[in-house]
>>> print(open('query-v1.cif').read())   # mmCIF, C-alpha atoms
data_final
#
loop_
_atom_site.label_atom_id
_atom_site.label_comp_id
_atom_site.auth_asym_id
_atom_site.auth_seq_id
_atom_site.Cartn_x
_atom_site.Cartn_y
_atom_site.Cartn_z
CA MET L 1 -148.51 34.34 140.85
CA GLU L 2 -148.02 30.61 140.64
CA SER L 3 -149.27 30.49 137.03
CA CYS L 4 -147.00 33.38 136.13
CA SER L 5 -143.97 31.62 137.54
CA SER L 6 -144.93 28.45 135.64
CA PHE L 7 -145.05 30.43 132.40
CA TRP L 8 -141.60 31.89 133.00
CA SER L 9 -140.26 28.47 133.86
CA LEU L 10 -141.61 27.08 130.58
CA LEU L 11 -140.12 29.98 128.65
CA ILE L 12 -136.71 29.39 130.25
CA LYS L 13 -136.86 25.71 129.35
CA LEU L 14 -137.75 26.54 125.74
CA GLN L 15 -134.76 28.86 125.56
CA GLU L 16 -132.57 26.01 126.72
CA VAL L 17 -133.62 23.88 123.70
CA SER L 18 -130.87 23.94 121.03
CA TRP L 19 -131.52 25.27 117.52
CA LEU L 20 -130.87 21.79 116.13
CA ASP L 21 -133.82 20.45 118.09
CA TRP L 22 -135.96 23.30 116.76
CA ALA L 23 -134.85 22.55 113.20
CA LYS L 24 -135.59 18.83 113.61
CA THR L 25 -139.03 19.62 114.94
CA LEU L 26 -139.72 21.95 112.01
CA VAL L 27 -138.56 19.34 109.46
CA ASP L 28 -140.76 16.69 111.05
CA LEU L 29 -143.69 19.08 110.86
CA LEU L 30 -143.05 19.78 107.19
CA LYS L 31 -142.78 16.06 106.47
CA GLY L 32 -146.15 15.55 108.03
CA ILE L 33 -147.94 18.11 105.86
CA ALA L 34 -145.94 17.76 102.61
CA TRP L 35 -147.86 14.84 101.10
CA PRO L 36 -151.34 16.06 102.02
CA LEU L 37 -150.44 19.47 100.62
CA ALA L 38 -149.09 17.95 97.38
CA VAL L 39 -152.21 15.81 96.94
CA PHE L 40 -154.43 18.82 97.52
CA CYS L 41 -152.49 20.84 94.92
CA LEU L 42 -152.74 18.05 92.32
CA ILE L 43 -156.46 17.66 92.92
CA TRP L 44 -156.92 21.41 92.56
CA ILE L 45 -154.88 21.61 89.34
CA PHE L 46 -156.62 18.65 87.66
CA ARG L 47 -160.04 19.22 89.20
CA LYS L 48 -161.73 19.49 85.78
CA GLN L 49 -160.30 16.21 84.48
CA ILE L 50 -161.08 14.44 87.76
CA ARG L 51 -164.67 15.70 87.65
CA GLU L 52 -165.06 14.26 84.13
CA LYS L 53 -163.72 10.86 85.24
CA ILE L 54 -165.87 10.45 88.36
CA PRO L 55 -168.97 9.13 86.48
CA HIS L 56 -166.81 6.31 85.04
CA LEU L 57 -165.24 5.30 88.38
CA ARG L 58 -165.79 1.59 89.11
CA ASN L 59 -163.55 0.90 92.09
CA ILE L 60 -161.23 2.89 94.32
CA SER L 61 -158.63 1.86 96.88
CA PRO L 62 -155.95 3.69 98.84
CA THR L 63 -153.41 2.93 96.10
CA SER L 64 -155.40 2.72 92.85
CA ALA L 65 -158.58 3.54 91.00
CA ASP L 66 -160.35 1.66 88.19
CA PHE L 67 -162.29 3.41 85.45
CA GLU L 68 -164.55 2.09 82.73
CA MET L 69 -162.96 2.27 79.30
CA GLN L 70 -165.03 4.39 76.99
CA PRO L 71 -165.43 3.04 73.46
CA THR L 72 -163.59 5.18 70.96
CA SER L 73 -165.41 5.89 67.77
CA GLN L 74 -163.23 5.78 64.69
CA ALA L 75 -164.48 8.02 61.98
CA THR L 76 -164.64 6.33 58.62
CA PRO L 77 -163.07 8.57 56.00
CA GLY L 78 -165.54 9.52 53.35
CA PRO L 79 -164.89 9.42 49.64
CA PHE L 80 -162.64 12.12 48.24
CA VAL L 81 -164.63 14.56 46.17
CA ALA L 82 -162.62 16.82 43.89
CA GLY L 83 -164.11 20.19 43.13
CA PRO L 84 -164.01 21.80 39.71
CA HIS L 85 -160.60 22.89 38.45
CA ARG L 86 -159.89 26.57 37.86
CA LEU L 87 -159.06 25.79 34.22
CA SER L 88 -162.08 24.97 32.09
CA THR L 89 -159.87 22.93 29.76
CA VAL L 90 -159.04 20.58 32.62
CA ASN L 91 -162.71 20.23 33.55
CA ASP L 92 -163.58 19.35 29.96
CA LEU L 93 -160.83 16.73 29.88
CA VAL L 94 -162.01 15.27 33.21
CA GLU L 95 -165.48 14.81 31.79
CA LYS L 96 -164.07 13.18 28.67
CA ILE L 97 -161.90 10.78 30.71
CA GLN L 98 -164.86 9.83 32.89
CA GLN L 99 -166.83 8.93 29.78
CA GLU L 100 -163.92 6.85 28.48
CA LEU L 101 -163.68 4.98 31.80
CA THR L 102 -167.36 4.06 31.89
CA PRO L 103 -167.06 0.84 29.82
CA ILE L 104 -163.97 -0.31 31.76
CA ILE L 105 -164.59 -2.60 34.73
CA ALA L 106 -163.98 -1.00 38.12
CA GLU L 107 -161.08 -3.32 39.07
CA SER L 108 -159.08 -2.20 36.04
CA ARG L 109 -159.66 1.53 36.36
CA GLU L 110 -157.20 2.29 39.15
CA PRO L 111 -154.17 0.53 37.57
CA LEU L 112 -155.00 2.20 34.27
CA LEU L 113 -155.26 5.65 35.84
CA VAL L 114 -152.06 5.20 37.87
CA ARG L 115 -150.12 4.20 34.76
CA ALA L 116 -151.54 7.14 32.82
CA LEU L 117 -150.60 9.52 35.64
CA ALA L 118 -147.05 8.12 35.78
CA GLU L 119 -146.68 8.50 32.02
CA ALA L 120 -147.97 12.07 32.16
CA ARG L 121 -145.45 12.98 34.85
CA VAL L 122 -142.55 11.43 32.95
CA LEU L 123 -143.51 13.20 29.74
CA ALA L 124 -143.84 16.52 31.57
CA ASP L 125 -140.37 15.98 33.03
CA PHE L 126 -138.94 15.18 29.58
CA GLU L 127 -140.58 18.28 28.12
CA PHE L 128 -138.84 20.40 30.76
CA ILE L 129 -135.48 18.72 30.10
CA PHE L 130 -135.82 19.14 26.34
CA ALA L 131 -136.63 22.83 26.70
CA ASN L 132 -133.34 23.44 28.52
CA ILE L 133 -130.88 21.03 26.90
CA PHE L 134 -128.18 21.72 24.31
CA LYS L 135 -127.95 19.71 21.12
CA THR L 136 -124.36 18.84 22.03
CA GLN L 137 -125.67 17.25 25.23
CA VAL L 138 -128.22 15.17 23.31
CA ASP L 139 -125.44 14.07 20.96
CA ALA L 140 -123.35 13.05 23.97
CA LEU L 141 -126.26 10.98 25.28
CA ARG L 142 -126.46 9.18 21.95
CA ARG L 143 -122.75 8.41 22.19
CA LEU L 144 -123.20 7.05 25.72
CA SER L 145 -126.15 4.90 24.62
CA GLU L 146 -123.58 2.85 22.69
CA GLY L 147 -121.65 2.13 25.88
CA SER L 148 -120.07 3.79 28.90
CA VAL L 149 -116.80 5.72 28.60
CA SER L 150 -114.09 6.66 31.04
CA LEU L 151 -114.09 10.13 32.54
CA GLU L 152 -110.94 10.89 30.57
CA GLU L 153 -112.64 9.84 27.32
CA ALA L 154 -115.68 11.96 28.16
CA GLU L 155 -113.51 15.02 28.77
CA LYS L 156 -111.68 14.43 25.48
CA TYR L 157 -115.04 14.10 23.68
CA PHE L 158 -115.99 17.48 25.13
CA GLU L 159 -112.75 19.08 23.96
CA ASP L 160 -112.89 17.59 20.44
CA ASN L 161 -116.62 17.74 19.68
CA VAL L 162 -118.26 20.32 21.92
CA ILE L 163 -115.86 23.23 22.41
CA PRO L 164 -115.28 23.77 18.66
CA ILE L 165 -119.02 24.34 18.14
CA ARG L 166 -119.22 27.29 20.57
CA PRO L 167 -115.69 27.96 21.80
CA GLU L 168 -116.56 31.32 23.36
CA LEU L 169 -119.07 29.64 25.70
CA PHE L 170 -118.01 26.04 26.27
CA ALA L 171 -114.31 26.79 26.67
CA GLU L 172 -115.24 29.05 29.56
CA TRP L 173 -117.71 26.56 31.00
CA GLY L 174 -115.48 23.53 30.93
CA PHE L 175 -116.56 19.89 31.00
CA GLU L 176 -117.78 19.99 34.60
CA ARG L 177 -120.32 22.75 34.06
CA TRP L 178 -121.39 21.50 30.62
CA SER L 179 -122.12 17.99 31.93
CA ALA L 180 -123.73 19.19 35.18
CA TYR L 181 -127.19 19.45 33.59
CA LEU L 182 -127.08 15.85 32.37
CA ARG L 183 -126.12 14.67 35.85
CA SER L 184 -128.58 16.85 37.74
CA GLN L 185 -131.48 15.58 35.60
CA GLY L 186 -130.49 11.96 36.17
CA LEU L 187 -129.61 11.29 32.53
CA VAL L 188 -126.03 10.17 33.18
CA LEU L 189 -124.05 8.80 36.10
CA LEU L 190 -120.39 9.01 37.05
CA ILE L 191 -119.39 5.72 38.71
CA ASP L 192 -115.81 4.69 39.43
CA GLU L 193 -114.40 7.27 37.00
CA ARG L 194 -116.73 6.06 34.23
CA VAL L 195 -119.61 7.95 32.66
CA GLU L 196 -122.68 5.96 31.69
CA ILE L 197 -126.19 6.73 30.54
CA THR L 198 -129.09 5.91 32.87
CA ALA L 199 -132.39 4.22 32.07
CA LYS L 200 -133.96 7.67 32.24
CA GLY L 201 -131.38 8.91 29.74
CA ASN L 202 -132.27 6.14 27.28
CA ASP L 203 -135.97 6.84 27.74
CA PHE L 204 -135.34 10.52 27.11
CA LEU L 205 -133.67 9.69 23.79
CA GLN L 206 -136.75 7.65 22.83
CA PHE L 207 -138.89 10.65 23.75
CA VAL L 208 -136.76 12.93 21.57
CA ASP L 209 -136.90 10.54 18.61
CA SER L 210 -140.63 9.89 18.83
CA ARG L 211 -141.97 13.29 19.86
CA LYS L 212 -139.33 15.85 18.93
CA ALA L 213 -138.24 14.66 15.51
CA GLY L 214 -137.26 17.67 13.44
CA ALA L 215 -137.20 20.01 16.44
CA THR L 216 -134.32 22.46 16.49
CA LEU L 217 -132.08 22.60 19.53
CA VAL L 218 -129.52 25.21 20.46
CA ASN L 219 -125.97 23.94 20.12
#
>>> encode(input="query-v1.cif", output="structure tokens")
Amino acid sequence: MESCSSFWSLLIKLQEVSWLDWAKTLVDLLKGIAWPLAVFCLIWIFRKQIREKIPHLRNISPTSADFEMQPTSQATPGPFVAGPHRLSTVNDLVEKIQQELTPIIAESREPLLVRALAEARVLADFEFIFANIFKTQVDALRRLSEGSVSLEEAEKYFEDNVIPIRPELFAEWGFERWSAYLRSQGLVLLIDERVEITAKGNDFLQFVDSRKAGATLVN
């Protein structure tokens, strides 16, 4: 009976404790287990990585751990080996170029090949431009090679020398559309209301004179 009365006395005392005291007790309890629980979760999540690092562990303390740095091997890139081209003509030319390069010293081969590649790209670009340019546009480039002109003079040149050749087309196009191809291909520039030929434009004229002499262009 005495133990039973003691139990009821304890229960009554617990009921007298305010809910704030209960909440404080619960918070203190959670504080006590929060960090151990967080550490356990991290160890569980990264257990594979931790297992891999354990053999390299040199020193451990409550606040830090030291690991041996593993040497990283840097793979040396091997030489680039180009396979055969799908066009037999290209493969034949590759073989011919290799034979031509044989007597040239190694130090001079790369600059020579880079220059040849640059020239080939420029010529390919000029071939594309020539295939899509009007004769009136080439004539305008020749006029600009003598010196830049104002935008007003360029528009008057278009009205006096271009429209009369194909009025049904160029009158509808106007100067802006007719000159757009020259600008988009980098042959001319419009700077401060003046139209001038570029270095590429002058080179293109040399290309036309040396490689397209006698070729017929559409007006």
>>> resolve_selection(input="query-v1.cif", expression="the PyMOL selection byres ((chain L and resi 179) around 10)", output="MDAnalysis selection string")
chainID L and resid 137 140 154:155 158 173:178 180:184 188
>>> atom_distance(input="query-v1.cif", atom1="CA of Asn219 in chain L", atom2="CA of Glu168 in chain L")
12.4 Å
>>> closest_residue(input="query-v1.cif", among="L:Lys200, L:Arg194, L:Arg211, L:Gln185", to="Phe128 in chain L", atoms="all atoms listed in the file")
L:Gln185
>>> atom_distance(input="query-v1.cif", atom1="CA of Arg115 in chain L", atom2="CA of Leu141 in chain L")
26.6 Å
>>> closest_residue(input="query-v1.cif", among="L:Leu187, L:Asp192, L:Ile197, L:Pro167", to="Ile129 in chain L", atoms="all atoms listed in the file")
L:Leu187
>>> residues_near_point(input="query-v1.cif", point="(-137.0, 10.4, 27.2)", cutoff="10 Å", atoms="only C-alpha atoms", output="count of residues only")
21
>>> resolve_selection(input="query-v1.cif", expression="the PyMOL selection byres ((chain L and resi 196) around 8)", output="count of residues only")
13
>>> atom_distance(input="query-v1.cif", atom1="CA of Ala131 in chain L", atom2="CA of Glu172 in chain L")
22.5 Å
>>> residues_around(input="query-v1.cif", residues="Lys135 in chain L", least_positions_apart="3", cutoff="8 Å", atoms="all atoms listed in the file", output="PyMOL selection string")
chain L and resi 138-139+217-219
>>> closest_residue(input="query-v1.cif", among="L:Arg121, L:Val114, L:Asn161, L:Glu153", to="Thr136 in chain L", atoms="all atoms listed in the file")
L:Asn161
>>> closest_residue(input="query-v1.cif", among="L:Leu87, L:Gly214, L:Glu193, L:Pro103", to="Ser150 in chain L", atoms="all atoms listed in the file")
L:Glu193
>>> decode(input="query-v1.cif", residues="range 116-144 of chain L", atoms="N, CA, C and O atoms", output="short mmCIF file (atom, residue, chain, number, x, y, z; two decimals), in the first residue's frame")
data_model
loop_
_atom_site.label_atom_id
_atom_site.label_comp_id
_atom_site.auth_asym_id
_atom_site.auth_seq_id
_atom_site.Cartn_x
_atom_site.Cartn_y
_atom_site.Cartn_z
N ALA L 116 49.66 26.71 -95.57
CA ALA L 116 48.93 26.08 -96.67
C ALA L 116 47.47 25.86 -96.31
O ALA L 116 46.56 26.05 -97.14
N LEU L 117 47.21 25.49 -95.05
CA LEU L 117 45.83 25.29 -94.60
C LEU L 117 45.07 26.61 -94.60
O LEU L 117 43.91 26.68 -95.02
N ALA L 118 45.73 27.68 -94.12
CA ALA L 118 45.09 28.99 -94.10
C ALA L 118 44.76 29.45 -95.52
O ALA L 118 43.67 29.97 -95.79
N GLU L 119 45.69 29.25 -96.43
CA GLU L 119 45.45 29.63 -97.83
C GLU L 119 44.30 28.84 -98.43
O GLU L 119 43.45 29.39 -99.14
N ALA L 120 44.24 27.55 -98.12
CA ALA L 120 43.17 26.72 -98.66
C ALA L 120 41.81 27.18 -98.14
O ALA L 120 40.82 27.20 -98.89
N ARG L 121 41.75 27.57 -96.88
CA ARG L 121 40.48 28.03 -96.32
C ARG L 121 40.04 29.35 -96.95
O ARG L 121 38.86 29.56 -97.24
N VAL L 122 41.00 30.26 -97.14
CA VAL L 122 40.67 31.54 -97.75
C VAL L 122 40.18 31.34 -99.18
O VAL L 122 39.17 31.94 -99.60
N LEU L 123 40.87 30.51 -99.92
CA LEU L 123 40.47 30.27 -101.31
C LEU L 123 39.10 29.61 -101.38
O LEU L 123 38.29 29.92 -102.27
N ALA L 124 38.82 28.70 -100.46
CA ALA L 124 37.50 28.06 -100.44
C ALA L 124 36.42 29.10 -100.14
O ALA L 124 35.33 29.07 -100.72
N ASP L 125 36.72 30.02 -99.23
CA ASP L 125 35.78 31.09 -98.91
C ASP L 125 35.54 31.98 -100.12
O ASP L 125 34.40 32.34 -100.44
N PHE L 126 36.61 32.33 -100.83
CA PHE L 126 36.49 33.19 -102.01
C PHE L 126 35.71 32.47 -103.12
O PHE L 126 34.95 33.11 -103.87
N GLU L 127 35.90 31.18 -103.25
CA GLU L 127 35.14 30.42 -104.25
C GLU L 127 33.64 30.50 -103.95
O GLU L 127 32.82 30.66 -104.86
N PHE L 128 33.30 30.37 -102.68
CA PHE L 128 31.89 30.46 -102.29
C PHE L 128 31.34 31.86 -102.59
O PHE L 128 30.23 31.99 -103.14
N ILE L 129 32.11 32.89 -102.24
CA ILE L 129 31.65 34.26 -102.48
C ILE L 129 31.46 34.50 -103.98
O ILE L 129 30.45 35.08 -104.41
N PHE L 130 32.43 34.05 -104.78
CA PHE L 130 32.36 34.28 -106.22
C PHE L 130 31.16 33.59 -106.84
O PHE L 130 30.56 34.09 -107.80
N ALA L 131 30.80 32.44 -106.30
CA ALA L 131 29.68 31.68 -106.87
C ALA L 131 28.34 32.35 -106.60
O ALA L 131 27.34 32.00 -107.24
N ASN L 132 28.31 33.31 -105.68
CA ASN L 132 27.03 33.92 -105.29
C ASN L 132 27.01 35.44 -105.43
O ASN L 132 26.09 36.09 -104.93
N ILE L 133 27.99 36.00 -106.12
CA ILE L 133 28.09 37.46 -106.21
C ILE L 133 27.63 37.93 -107.59
O ILE L 133 27.75 37.21 -108.59
N PHE L 134 27.08 39.14 -107.63
CA PHE L 134 26.71 39.76 -108.90
C PHE L 134 27.91 40.52 -109.48
O PHE L 134 28.77 40.99 -108.73
N LYS L 135 27.92 40.64 -110.80
CA LYS L 135 28.98 41.42 -111.44
C LYS L 135 28.92 42.88 -110.99
O LYS L 135 29.96 43.52 -110.83
N THR L 136 27.72 43.39 -110.79
CA THR L 136 27.59 44.78 -110.34
C THR L 136 28.23 44.98 -108.96
O THR L 136 28.76 46.05 -108.66
N GLN L 137 28.21 43.94 -108.14
CA GLN L 137 28.84 44.03 -106.82
C GLN L 137 30.36 44.01 -106.93
O GLN L 137 31.06 44.70 -106.19
N VAL L 138 30.88 43.20 -107.87
CA VAL L 138 32.33 43.18 -108.10
C VAL L 138 32.77 44.54 -108.64
O VAL L 138 33.81 45.08 -108.23
N ASP L 139 31.99 45.11 -109.55
CA ASP L 139 32.32 46.43 -110.08
C ASP L 139 32.32 47.48 -108.97
O ASP L 139 33.17 48.38 -108.96
N ALA L 140 31.40 47.37 -108.04
CA ALA L 140 31.35 48.31 -106.92
C ALA L 140 32.59 48.16 -106.03
O ALA L 140 33.14 49.15 -105.54
N LEU L 141 33.05 46.92 -105.86
CA LEU L 141 34.28 46.70 -105.08
C LEU L 141 35.48 47.36 -105.76
O LEU L 141 36.34 47.94 -105.10
N ARG L 142 35.52 47.26 -107.08
CA ARG L 142 36.63 47.90 -107.80
C ARG L 142 36.58 49.42 -107.62
O ARG L 142 37.62 50.07 -107.49
N ARG L 143 35.38 49.96 -107.61
CA ARG L 143 35.25 51.41 -107.38
C ARG L 143 35.73 51.76 -105.97
O ARG L 143 36.44 52.76 -105.78
N LEU L 144 35.38 50.96 -104.99
CA LEU L 144 35.79 51.23 -103.61
C LEU L 144 37.28 51.02 -103.39
O LEU L 144 37.86 51.60 -102.48
#
